[in-house]
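> This is protein13.cif, which holds mmCIF, C-alpha atoms:
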```
data_upload
#
loop_
_atom_site.group_PDB
_atom_site.id
_atom_site.type_symbol
_atom_site.label_atom_id
_atom_site.label_comp_id
_atom_site.auth_asym_id
_atom_site.auth_seq_id
_atom_site.Cartn_x
_atom_site.Cartn_y
_atom_site.Cartn_z
ATOM 1 C CA MET Y 21 0.000 0.000 0.000
ATOM 2 C CA ARG Y 22 1.045 3.582 -0.595
ATOM 3 C CA SER Y 23 0.119 6.325 1.869
ATOM 4 C CA PHE Y 24 0.277 10.111 1.533
ATOM 5 C CA PRO Y 25 1.363 11.377 4.990
ATOM 6 C CA ASP Y 26 2.321 14.842 3.702
ATOM 7 C CA LYS Y 27 -0.778 15.407 1.559
ATOM 8 C CA LEU Y 28 -4.045 17.183 2.335
ATOM 9 C CA MET Y 29 -6.830 15.861 0.122
ATOM 10 C CA LEU Y 30 -9.888 17.781 -1.034
ATOM 11 C CA ARG Y 31 -12.741 15.783 -2.563
ATOM 12 C CA LEU Y 32 -15.969 17.043 -4.158
ATOM 13 C CA GLY Y 33 -18.852 14.648 -4.669
ATOM 14 C CA LEU Y 34 -22.353 14.490 -6.097
ATOM 15 C CA ILE Y 35 -24.185 12.316 -3.601
ATOM 16 C CA ASN Y 36 -27.541 10.544 -3.602
ATOM 17 C CA THR Y 37 -28.327 9.300 -0.119
ATOM 18 C CA SER Y 38 -31.318 8.694 2.113
ATOM 19 C CA ASN Y 39 -32.427 7.146 5.354
ATOM 20 C CA SER Y 40 -35.730 5.522 4.401
ATOM 21 C CA PHE Y 41 -38.108 3.404 6.457
ATOM 22 C CA PHE Y 42 -40.488 0.509 5.899
ATOM 23 C CA VAL Y 43 -43.587 0.545 8.105
ATOM 24 C CA ASN Y 44 -45.631 -2.606 8.664
ATOM 25 C CA ASP Y 45 -48.903 -2.039 10.538
ATOM 26 C CA SER Y 46 -50.155 -5.564 11.219
ATOM 27 C CA GLU Y 47 -53.139 -4.334 13.261
ATOM 28 C CA ASN Y 48 -54.569 -2.475 10.246
ATOM 29 C CA GLU Y 49 -53.033 -4.913 7.722
ATOM 30 C CA ILE Y 50 -51.160 -2.222 5.785
ATOM 31 C CA SER Y 51 -47.506 -1.620 4.953
ATOM 32 C CA TYR Y 52 -45.753 1.228 3.179
ATOM 33 C CA ASN Y 53 -42.380 2.899 2.589
ATOM 34 C CA LEU Y 54 -41.389 6.299 3.965
ATOM 35 C CA ILE Y 55 -38.903 7.832 1.528
ATOM 36 C CA PRO Y 56 -37.267 11.263 2.038
ATOM 37 C CA ASN Y 57 -38.117 13.940 -0.521
ATOM 38 C CA THR Y 58 -34.630 15.467 -0.710
ATOM 39 C CA ARG Y 59 -32.030 13.006 -1.854
ATOM 40 C CA GLU Y 60 -29.239 14.644 -3.907
ATOM 41 C CA TYR Y 61 -26.617 16.964 -2.492
ATOM 42 C CA LEU Y 62 -23.094 18.204 -3.087
ATOM 43 C CA GLY Y 63 -20.529 16.920 -0.618
ATOM 44 C CA VAL Y 64 -17.151 18.289 0.370
ATOM 45 C CA SER Y 65 -14.551 16.091 2.083
ATOM 46 C CA LEU Y 66 -11.261 16.980 3.717
ATOM 47 C CA LEU Y 67 -8.839 14.140 4.382
ATOM 48 C CA PHE Y 68 -5.508 14.165 6.173
ATOM 49 C CA ARG Y 69 -3.806 10.980 7.310
ATOM 50 C CA SER Y 70 -6.267 9.094 9.537
ATOM 51 C CA VAL Y 71 -9.033 11.699 9.660
ATOM 52 C CA GLU Y 72 -11.845 12.298 7.179
ATOM 53 C CA LEU Y 73 -14.511 14.981 7.582
ATOM 54 C CA ASP Y 74 -17.515 15.240 5.227
ATOM 55 C CA PHE Y 75 -20.313 17.749 4.997
ATOM 56 C CA GLY Y 76 -22.948 18.465 2.360
ATOM 57 C CA PHE Y 77 -25.605 20.899 1.198
ATOM 58 C CA LEU Y 78 -28.677 20.760 -1.050
ATOM 59 C CA PRO Y 79 -28.497 23.069 -4.089
ATOM 60 C CA GLU Y 80 -31.921 23.833 -5.564
ATOM 61 C CA PHE Y 81 -30.652 23.615 -9.153
ATOM 62 C CA LEU Y 82 -30.385 19.816 -8.932
ATOM 63 C CA GLU Y 83 -33.391 18.240 -10.661
ATOM 64 C CA GLN Y 84 -34.294 15.952 -7.739
ATOM 65 C CA ASN Y 85 -34.497 18.911 -5.354
ATOM 66 C CA LYS Y 86 -36.553 21.406 -7.369
ATOM 67 C CA ASP Y 87 -39.965 20.345 -6.008
ATOM 68 C CA ASN Y 88 -38.798 19.812 -2.427
ATOM 69 C CA SER Y 89 -38.999 23.375 -1.068
ATOM 70 C CA ASN Y 90 -40.549 22.211 2.222
ATOM 71 C CA SER Y 91 -37.996 19.448 2.755
ATOM 72 C CA GLU Y 92 -34.790 19.438 4.735
ATOM 73 C CA LEU Y 93 -31.724 17.219 4.820
ATOM 74 C CA PHE Y 94 -28.645 17.614 6.987
ATOM 75 C CA ASN Y 95 -25.993 14.903 6.774
ATOM 76 C CA LEU Y 96 -22.651 14.728 8.589
ATOM 77 C CA ASN Y 97 -20.104 11.907 8.285
ATOM 78 C CA PHE Y 98 -16.850 11.416 10.163
ATOM 79 C CA ARG Y 99 -14.302 8.619 9.748
ATOM 80 C CA THR Y 100 -10.970 8.004 11.418
ATOM 81 C CA PHE Y 101 -8.383 5.216 11.489
ATOM 82 C CA LEU Y 102 -6.202 4.156 14.406
ATOM 83 C CA GLY Y 103 -3.884 1.408 13.259
ATOM 84 C CA GLN Y 104 -6.160 -1.379 12.013
ATOM 85 C CA TRP Y 105 -9.187 0.084 13.830
ATOM 86 C CA MET Y 106 -11.739 2.162 11.907
ATOM 87 C CA GLN Y 107 -14.335 4.416 13.531
ATOM 88 C CA THR Y 108 -17.263 6.050 11.733
ATOM 89 C CA PHE Y 109 -19.931 8.498 12.866
ATOM 90 C CA ASN Y 110 -23.030 9.445 10.855
ATOM 91 C CA LEU Y 111 -25.801 11.959 11.427
ATOM 92 C CA TYR Y 112 -29.010 12.285 9.371
ATOM 93 C CA LYS Y 113 -31.635 14.957 10.008
ATOM 94 C CA GLN Y 114 -34.568 14.853 7.576
ATOM 95 C CA LYS Y 115 -37.916 16.588 7.129
ATOM 96 C CA GLY Y 116 -40.429 15.793 4.402
ATOM 97 C CA PHE Y 117 -41.223 12.289 3.145
ATOM 98 C CA PHE Y 118 -43.512 10.653 0.655
ATOM 99 C CA THR Y 119 -45.048 7.184 0.695
ATOM 100 C CA ASP Y 120 -45.888 4.786 -2.121
ATOM 101 C CA PHE Y 121 -48.917 3.445 -0.239
ATOM 102 C CA ARG Y 122 -50.928 1.159 -2.554
ATOM 103 C CA ASP Y 123 -48.968 2.444 -5.584
ATOM 104 C CA ILE Y 124 -50.069 6.035 -4.905
ATOM 105 C CA GLU Y 125 -47.402 8.639 -4.119
ATOM 106 C CA ILE Y 126 -48.583 10.637 -1.104
ATOM 107 C CA PRO Y 127 -46.520 13.597 0.219
ATOM 108 C CA LEU Y 128 -45.975 13.733 3.994
ATOM 109 C CA SER Y 129 -44.288 17.075 4.550
ATOM 110 C CA ASN Y 130 -44.556 17.126 8.371
ATOM 111 C CA ILE Y 131 -42.762 13.892 9.165
ATOM 112 C CA LYS Y 132 -39.270 14.328 10.614
ATOM 113 C CA SER Y 133 -36.503 11.869 11.371
ATOM 114 C CA PHE Y 134 -33.228 12.159 13.245
ATOM 115 C CA LYS Y 135 -30.507 9.507 13.313
ATOM 116 C CA MET Y 136 -27.023 9.431 14.759
ATOM 117 C CA GLY Y 137 -24.568 6.632 15.340
ATOM 118 C CA GLY Y 138 -21.911 4.733 13.477
ATOM 119 C CA SER Y 139 -19.689 1.693 13.640
ATOM 120 C CA THR Y 140 -16.437 0.415 15.118
ATOM 121 C CA SER Y 141 -14.489 -2.006 12.910
ATOM 122 C CA TYR Y 142 -11.246 -3.970 13.000
ATOM 123 C CA ILE Y 143 -9.433 -4.642 9.706
ATOM 124 C CA MET Y 144 -7.784 -8.017 10.277
ATOM 125 C CA ASN Y 145 -5.490 -8.010 7.219
ATOM 126 C CA PRO Y 146 -2.910 -5.190 7.531
ATOM 127 C CA ASN Y 147 -2.234 -5.474 3.781
ATOM 128 C CA PHE Y 148 -5.814 -4.481 2.935
ATOM 129 C CA SER Y 149 -6.562 -0.759 2.603
ATOM 130 C CA PHE Y 150 -10.101 0.371 3.424
ATOM 131 C CA ARG Y 151 -8.943 3.947 2.861
ATOM 132 C CA ALA Y 152 -8.309 3.147 -0.815
ATOM 133 C CA ILE Y 153 -12.008 2.345 -1.406
ATOM 134 C CA GLY Y 154 -13.037 5.777 -2.539
ATOM 135 C CA PHE Y 155 -11.350 7.871 0.158
ATOM 136 C CA GLN Y 156 -8.045 8.021 -1.685
ATOM 137 C CA ASN Y 157 -5.805 8.989 1.225
ATOM 138 C CA GLU Y 158 -4.137 5.622 0.667
ATOM 139 C CA TRP Y 159 -3.657 3.469 -2.430
ATOM 140 C CA GLN Y 160 -3.818 -0.309 -2.754
ATOM 141 C CA LYS Y 161 -0.939 -1.405 -5.005
ATOM 142 C CA LYS Y 162 -1.720 -5.145 -4.992
ATOM 143 C CA SER Y 163 -5.080 -6.917 -4.761
ATOM 144 C CA ALA Y 164 -6.015 -7.917 -1.210
ATOM 145 C CA GLY Y 165 -9.043 -8.674 0.959
ATOM 146 C CA SER Y 166 -9.866 -8.735 4.633
ATOM 147 C CA PHE Y 167 -12.385 -10.072 7.106
ATOM 148 C CA ILE Y 168 -13.708 -7.063 9.088
ATOM 149 C CA PRO Y 169 -15.867 -7.593 12.195
ATOM 150 C CA ARG Y 170 -18.031 -4.519 12.871
ATOM 151 C CA LEU Y 171 -20.175 -3.193 15.673
ATOM 152 C CA PHE Y 172 -23.077 -0.957 14.557
ATOM 153 C CA TYR Y 173 -25.009 1.343 16.898
ATOM 154 C CA TYR Y 174 -27.685 3.909 15.987
ATOM 155 C CA TYR Y 175 -30.203 6.068 17.792
ATOM 156 C CA SER Y 176 -33.231 7.213 15.776
ATOM 157 C CA LYS Y 177 -36.187 9.459 16.505
ATOM 158 C CA PHE Y 178 -39.316 9.861 14.359
ATOM 159 C CA ASN Y 179 -41.841 12.664 14.716
ATOM 160 C CA PHE Y 180 -45.180 12.060 12.974
ATOM 161 C CA ASN Y 181 -47.527 15.019 12.560
ATOM 162 C CA GLU Y 182 -49.903 14.164 9.726
ATOM 163 C CA ASN Y 183 -53.697 13.931 9.422
ATOM 164 C CA ASN Y 184 -54.296 14.881 13.083
ATOM 165 C CA ILE Y 185 -51.931 12.128 14.216
ATOM 166 C CA LYS Y 186 -49.099 13.251 16.475
ATOM 167 C CA GLU Y 187 -46.624 10.666 17.653
ATOM 168 C CA SER Y 188 -42.963 10.433 18.588
ATOM 169 C CA VAL Y 189 -41.085 7.145 18.331
ATOM 170 C CA LYS Y 190 -37.542 6.475 19.550
ATOM 171 C CA SER Y 191 -35.445 3.539 18.453
ATOM 172 C CA PHE Y 192 -32.020 2.188 19.447
ATOM 173 C CA ASP Y 193 -30.181 -0.422 17.321
ATOM 174 C CA ILE Y 194 -26.994 -2.323 18.129
ATOM 175 C CA ALA Y 195 -25.628 -5.200 16.040
ATOM 176 C CA ILE Y 196 -22.487 -7.310 15.643
ATOM 177 C CA SER Y 197 -21.843 -7.753 11.942
ATOM 178 C CA PRO Y 198 -19.037 -9.825 10.347
ATOM 179 C CA SER Y 199 -18.081 -8.501 6.919
ATOM 180 C CA TYR Y 200 -15.619 -9.165 4.107
ATOM 181 C CA TYR Y 201 -14.109 -6.638 1.689
ATOM 182 C CA HIS Y 202 -11.803 -7.143 -1.278
ATOM 183 C CA ASN Y 203 -9.864 -4.710 -3.471
ATOM 184 C CA PHE Y 204 -8.970 -5.729 -7.027
ATOM 185 C CA VAL Y 205 -6.135 -3.632 -8.486
ATOM 186 C CA ILE Y 206 -5.965 -3.292 -12.278
ATOM 187 C CA ARG Y 207 -2.775 -1.900 -13.853
ATOM 188 C CA GLU Y 208 -1.881 -0.108 -10.608
ATOM 189 C CA LYS Y 209 -4.093 2.962 -11.245
ATOM 190 C CA ILE Y 210 -7.591 1.396 -11.253
ATOM 191 C CA ILE Y 211 -9.190 -0.247 -8.244
ATOM 192 C CA LEU Y 212 -12.450 -2.205 -7.896
ATOM 193 C CA GLY Y 213 -13.760 -2.751 -4.375
ATOM 194 C CA PHE Y 214 -16.548 -5.033 -3.134
ATOM 195 C CA GLY Y 215 -17.862 -5.849 0.323
ATOM 196 C CA ALA Y 216 -20.758 -7.461 2.154
ATOM 197 C CA SER Y 217 -21.907 -7.837 5.751
ATOM 198 C CA THR Y 218 -24.591 -9.625 7.702
ATOM 199 C CA GLY Y 219 -25.173 -9.540 11.425
ATOM 200 C CA ILE Y 220 -27.539 -9.854 14.348
ATOM 201 C CA GLY Y 221 -28.318 -7.580 17.240
ATOM 202 C CA PHE Y 222 -30.899 -5.902 19.449
ATOM 203 C CA ASN Y 223 -33.520 -3.178 18.940
ATOM 204 C CA HIS Y 224 -35.357 -1.157 21.576
ATOM 205 C CA ASN Y 225 -38.367 0.833 20.408
ATOM 206 C CA SER Y 226 -40.333 3.230 22.611
ATOM 207 C CA SER Y 227 -43.374 5.466 22.094
ATOM 208 C CA SER Y 228 -46.152 6.963 24.165
ATOM 209 C CA GLU Y 229 -48.012 3.655 24.021
ATOM 210 C CA SER Y 230 -45.365 0.967 24.409
ATOM 211 C CA ASN Y 231 -41.755 -0.116 24.952
ATOM 212 C CA ILE Y 232 -40.732 -3.077 22.834
ATOM 213 C CA ASN Y 233 -37.494 -5.074 22.511
ATOM 214 C CA SER Y 234 -36.788 -7.278 19.520
ATOM 215 C CA VAL Y 235 -34.128 -9.112 17.539
ATOM 216 C CA LEU Y 236 -32.383 -7.044 14.866
ATOM 217 C CA PHE Y 237 -30.870 -8.312 11.606
ATOM 218 C CA GLU Y 238 -28.355 -6.252 9.621
ATOM 219 C CA PHE Y 239 -27.571 -6.696 5.912
ATOM 220 C CA GLY Y 240 -25.132 -4.549 3.973
ATOM 221 C CA GLY Y 241 -23.093 -4.303 0.816
ATOM 222 C CA SER Y 242 -20.816 -1.955 -1.089
ATOM 223 C CA ALA Y 243 -19.184 -1.564 -4.507
ATOM 224 C CA SER Y 244 -16.700 1.024 -5.719
ATOM 225 C CA VAL Y 245 -14.410 1.877 -8.613
ATOM 226 C CA GLY Y 246 -11.601 4.428 -8.577
ATOM 227 C CA TYR Y 247 -8.770 5.851 -10.658
ATOM 228 C CA HIS Y 248 -5.783 7.750 -9.309
ATOM 229 C CA SER Y 249 -2.657 9.521 -10.491
ATOM 230 C CA LYS Y 250 0.002 11.283 -8.430
ATOM 231 C CA SER Y 251 -2.320 14.177 -7.533
ATOM 232 C CA PHE Y 252 -5.710 13.673 -9.230
ATOM 233 C CA PHE Y 253 -8.308 10.995 -8.422
ATOM 234 C CA VAL Y 254 -11.873 10.183 -9.445
ATOM 235 C CA GLY Y 255 -14.325 7.403 -8.655
ATOM 236 C CA LEU Y 256 -17.761 6.045 -7.760
ATOM 237 C CA ASN Y 257 -18.902 4.673 -4.383
ATOM 238 C CA SER Y 258 -22.109 2.854 -3.467
ATOM 239 C CA SER Y 259 -23.322 1.158 -0.294
ATOM 240 C CA PHE Y 260 -26.426 0.156 1.647
ATOM 241 C CA ASN Y 261 -27.315 -1.039 5.138
ATOM 242 C CA VAL Y 262 -30.646 -2.554 6.134
ATOM 243 C CA PHE Y 263 -31.731 -2.925 9.775
ATOM 244 C CA GLU Y 264 -34.705 -5.278 9.973
ATOM 245 C CA HIS Y 265 -36.636 -5.848 13.181
ATOM 246 C CA LYS Y 266 -38.140 -9.271 13.867
ATOM 247 C CA THR Y 267 -41.077 -9.089 16.270
ATOM 248 C CA ASN Y 268 -44.849 -9.411 16.471
ATOM 249 C CA ARG Y 269 -45.345 -5.752 17.431
ATOM 250 C CA PHE Y 270 -48.389 -4.083 15.875
ATOM 251 C CA VAL Y 271 -46.284 -1.504 14.028
ATOM 252 C CA ARG Y 272 -42.770 -2.437 12.861
ATOM 253 C CA ILE Y 273 -40.359 0.107 11.369
ATOM 254 C CA ASP Y 274 -37.398 -1.231 9.365
ATOM 255 C CA ASP Y 275 -34.529 1.058 8.499
ATOM 256 C CA THR Y 276 -32.469 1.407 5.288
ATOM 257 C CA ILE Y 277 -29.491 3.686 4.623
ATOM 258 C CA THR Y 278 -28.378 4.012 0.991
ATOM 259 C CA PHE Y 279 -25.424 5.928 -0.399
ATOM 260 C CA LEU Y 280 -24.246 6.647 -3.955
ATOM 261 C CA GLU Y 281 -21.448 9.106 -4.743
ATOM 262 C CA PHE Y 282 -19.511 10.276 -7.784
ATOM 263 C CA TYR Y 283 -16.412 12.180 -6.683
ATOM 264 C CA VAL Y 284 -13.324 13.970 -7.973
ATOM 265 C CA GLY Y 285 -10.397 15.095 -5.862
ATOM 266 C CA TYR Y 286 -6.913 16.501 -5.674
ATOM 267 C CA ARG Y 287 -3.964 16.046 -3.292
ATOM 268 C CA PHE Y 288 -2.218 19.165 -2.005
ATOM 269 C CA LYS Y 289 0.966 19.585 -0.030
ATOM 270 C CA ALA Y 290 -0.172 19.808 3.595
ATOM 271 C CA PRO Y 291 0.859 22.844 5.685
ATOM 272 C CA LYS Y 292 3.893 22.193 7.881
ATOM 273 C CA SER Y 293 1.800 22.923 10.973
ATOM 274 C CA PHE Y 294 -0.569 20.043 10.039
ATOM 275 C CA ILE Y 295 2.344 17.636 9.603
ATOM 276 C CA LYS Y 296 4.026 18.649 12.883
ATOM 277 C CA THR Y 297 0.777 18.313 14.839
ATOM 278 C CA ALA Y 298 0.010 14.933 13.275
ATOM 279 C CA ASP Y 299 3.530 13.679 14.038
ATOM 280 C CA LYS Y 300 3.103 14.706 17.689
ATOM 281 C CA VAL Y 301 -0.262 12.928 17.920
ATOM 282 C CA ASN Y 302 1.151 9.767 16.314
ATOM 283 C CA LYS Y 303 4.127 9.818 18.713
ATOM 284 C CA PHE Y 304 1.779 10.252 21.683
ATOM 285 C CA LEU Y 305 -0.371 7.311 20.503
ATOM 286 C CA GLY Y 306 2.654 5.168 19.730
ATOM 287 C CA LEU Y 307 1.904 4.889 16.017
#
```
Mind turning this structure into structure tokens?

Amino acid sequence: MRSFPDKLMLRLGLINTSNSFFVNDSENEISYNLIPNTREYLGVSLLFRSVELDFGFLPEFLEQNKDNSNSELFNLNFRTFLGQWMQTFNLYKQKGFFTDFRDIEIPLSNIKSFKMGGSTSYIMNPNFSFRAIGFQNEWQKKSAGSFIPRLFYYYSKFNFNENNIKESVKSFDIAISPSYYHNFVIREKIILGFGASTGIGFNHNSSSESNINSVLFEFGGSASVGYHSKSFFVGLNSSFNVFEHKTNRFVRIDDTITFLEFYVGYRFKAPKSFIKTADKVNKFLGL
């Protein structure tokens, strides 16, 4: 693997992402999807050594966002590496959904959702670079794969205020999820990455009417392709995670996070102050 310890990387991406929900109301024998209205945004990422910081905004000129004036989306992602450990943090704040109930698209502008959480992972093969899968602050020079056990944990809150129905639902998910990722390197400059995960865990769901615990199943997958030169890089990332709750509760809410990004980026010489500070932190941590 090749790293870039003296480079500061700036990446711009066009991102399609959402945190959607599947609702199964067994008491009334109906089920439907809750899909956010706003889904495309421009993302900016700054990467230096083990730290990645992403933030995004919703420009109205994008076609998907033109009819979503009453919708909101705020998304924050953070990723850091410590040796073979990888830590992620995600935050989704959404307002405005629509449902495809009985093949009819119904707008639900007053439904809000809030989610925060992430995952802790251990990359067992030190010759496998997770950073090379789209993040480009490291480059995989030879094909390699790794088994990666992961621990997911998310807190979610839903506020329903539609058709004289006001309800607030809180949900906590935690799951242990074994996964496997593999990078295929083609002619040194092109990389194809694939991964999949499946796990089991616990869900706690609370509302004004009930508190319910249930088994949680996690399913996930990812695919990416990237090209890099000495300074310039470009690529495509995609991933999904599904959190499915198994219980006989009257209303069950399953959770899906999808992510699709096209990005371009450039590596700059990092300021000396960045390098000195990072060297001090690495020395303190024994890296």
> Find the residues around Asn130 in chain Y up to 7 Å (only C-alpha atoms counted), leave out those fewer than 6 positions away in its own chain, and share them as a PDB file with C-alpha atoms, in the coordinates of the input.

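Final file, selection.pdb:
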```pdb
ATOM      1  CA  LYS Y 115     -37.916  16.588   7.129  1.00  0.00           C
ATOM      2  CA  GLY Y 116     -40.429  15.793   4.402  1.00  0.00           C
ATOM      3  CA  PHE Y 180     -45.180  12.060  12.974  1.00  0.00           C
ATOM      4  CA  ASN Y 181     -47.527  15.019  12.560  1.00  0.00           C
ATOM      5  CA  GLU Y 182     -49.903  14.164   9.726  1.00  0.00           C
TER       6      GLU Y 182
END
```
> Residues near Ser23 in chain Y, anyone? I mean within 10 Å using all atoms listed in the file, not counting same-chain ones fewer than 6 positions away, as a VMD selection string.
chain Y and resid 69 149 151 to 152 156 to 160
> Which is closer to Phe263 in chain Y than all the others in Y:Ser40, Y:Ser244, Y:Ser166, Y:Ser293, using only C-alpha atoms?
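The closest residue to Phe263 in chain Y is Y:Ser40.
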> Between CA of Phe172 in chain Y and CA of Ser65 in chain Y, what is the distance in Å, rounded to a tenth?
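Separation of CA of Phe172 in chain Y and CA of Ser65 in chain Y: 22.8 Å.
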> Tell me, in Å to one decimal, how far CA of Tyr174 in chain Y is from CA of Asn110 in chain Y.
8.9 Å
> Using the file's own x, y and z axes, so that the box edges lie along x, y and z, what centre and edge lengths in Å (one decimal) does a box around every listed atom of range 193-199 of chain Y get when 4 Å is added on each side? Give it as lines of an AutoDock Vina configuration file.

```
center_x = -24.1
center_y = -5.1
center_z = 12.5
size_x = 20.1
size_y = 17.4
size_z = 19.2
```
> Any chance you could work out the residue set of the PyMOL selection byres ((chain Y and resi 215-232) around 9) here, as a PyMOL selection string?
chain Y and resi 168-170+172+187-203+213-214+233-243+259+261+265+267+269
> Is there a way to complete range 103-116 of chain Y with N, CA and C atoms and then write that out as a JSON list (two decimals), in the frame of the given file?

```json
[["chain", "number", "residue", "atom", "x", "y", "z"],
["Y", 103, "GLY", "N", -4.46, 2.71, 13.57],
["Y", 103, "GLY", "CA", -3.88, 1.41, 13.26],
["Y", 103, "GLY", "C", -4.84, 0.64, 12.36],
["Y", 104, "GLN", "N", -5.22, -0.57, 12.79],
["Y", 104, "GLN", "CA", -6.16, -1.38, 12.01],
["Y", 104, "GLN", "C", -7.61, -1.18, 12.46],
["Y", 105, "TRP", "N", -7.84, -0.25, 13.39],
["Y", 105, "TRP", "CA", -9.19, 0.08, 13.83],
["Y", 105, "TRP", "C", -9.76, 1.19, 12.94],
["Y", 106, "MET", "N", -11.05, 1.12, 12.67],
["Y", 106, "MET", "CA", -11.74, 2.16, 11.91],
["Y", 106, "MET", "C", -13.00, 2.57, 12.66],
["Y", 107, "GLN", "N", -13.18, 3.88, 12.83],
["Y", 107, "GLN", "CA", -14.34, 4.42, 13.53],
["Y", 107, "GLN", "C", -15.11, 5.35, 12.61],
["Y", 108, "THR", "N", -16.42, 5.16, 12.53],
["Y", 108, "THR", "CA", -17.26, 6.05, 11.73],
["Y", 108, "THR", "C", -18.35, 6.66, 12.61],
["Y", 109, "PHE", "N", -18.80, 7.85, 12.21],
["Y", 109, "PHE", "CA", -19.93, 8.50, 12.87],
["Y", 109, "PHE", "C", -20.79, 9.13, 11.78],
["Y", 110, "ASN", "N", -22.10, 8.91, 11.85],
["Y", 110, "ASN", "CA", -23.03, 9.44, 10.86],
["Y", 110, "ASN", "C", -24.19, 10.15, 11.55],
["Y", 111, "LEU", "N", -24.64, 11.24, 10.92],
["Y", 111, "LEU", "CA", -25.80, 11.96, 11.43],
["Y", 111, "LEU", "C", -26.71, 12.30, 10.25],
["Y", 112, "TYR", "N", -28.00, 11.96, 10.37],
["Y", 112, "TYR", "CA", -29.01, 12.28, 9.37],
["Y", 112, "TYR", "C", -30.15, 13.03, 10.06],
["Y", 113, "LYS", "N", -30.48, 14.20, 9.54],
["Y", 113, "LYS", "CA", -31.64, 14.96, 10.01],
["Y", 113, "LYS", "C", -32.49, 15.27, 8.79],
["Y", 114, "GLN", "N", -33.73, 14.76, 8.76],
["Y", 114, "GLN", "CA", -34.57, 14.85, 7.58],
["Y", 114, "GLN", "C", -35.96, 15.37, 7.92],
["Y", 115, "LYS", "N", -36.53, 16.13, 7.01],
["Y", 115, "LYS", "CA", -37.92, 16.59, 7.13],
["Y", 115, "LYS", "C", -38.55, 16.52, 5.74],
["Y", 116, "GLY", "N", -39.74, 15.93, 5.68],
["Y", 116, "GLY", "CA", -40.43, 15.79, 4.40],
["Y", 116, "GLY", "C", -40.21, 14.43, 3.79]]
```
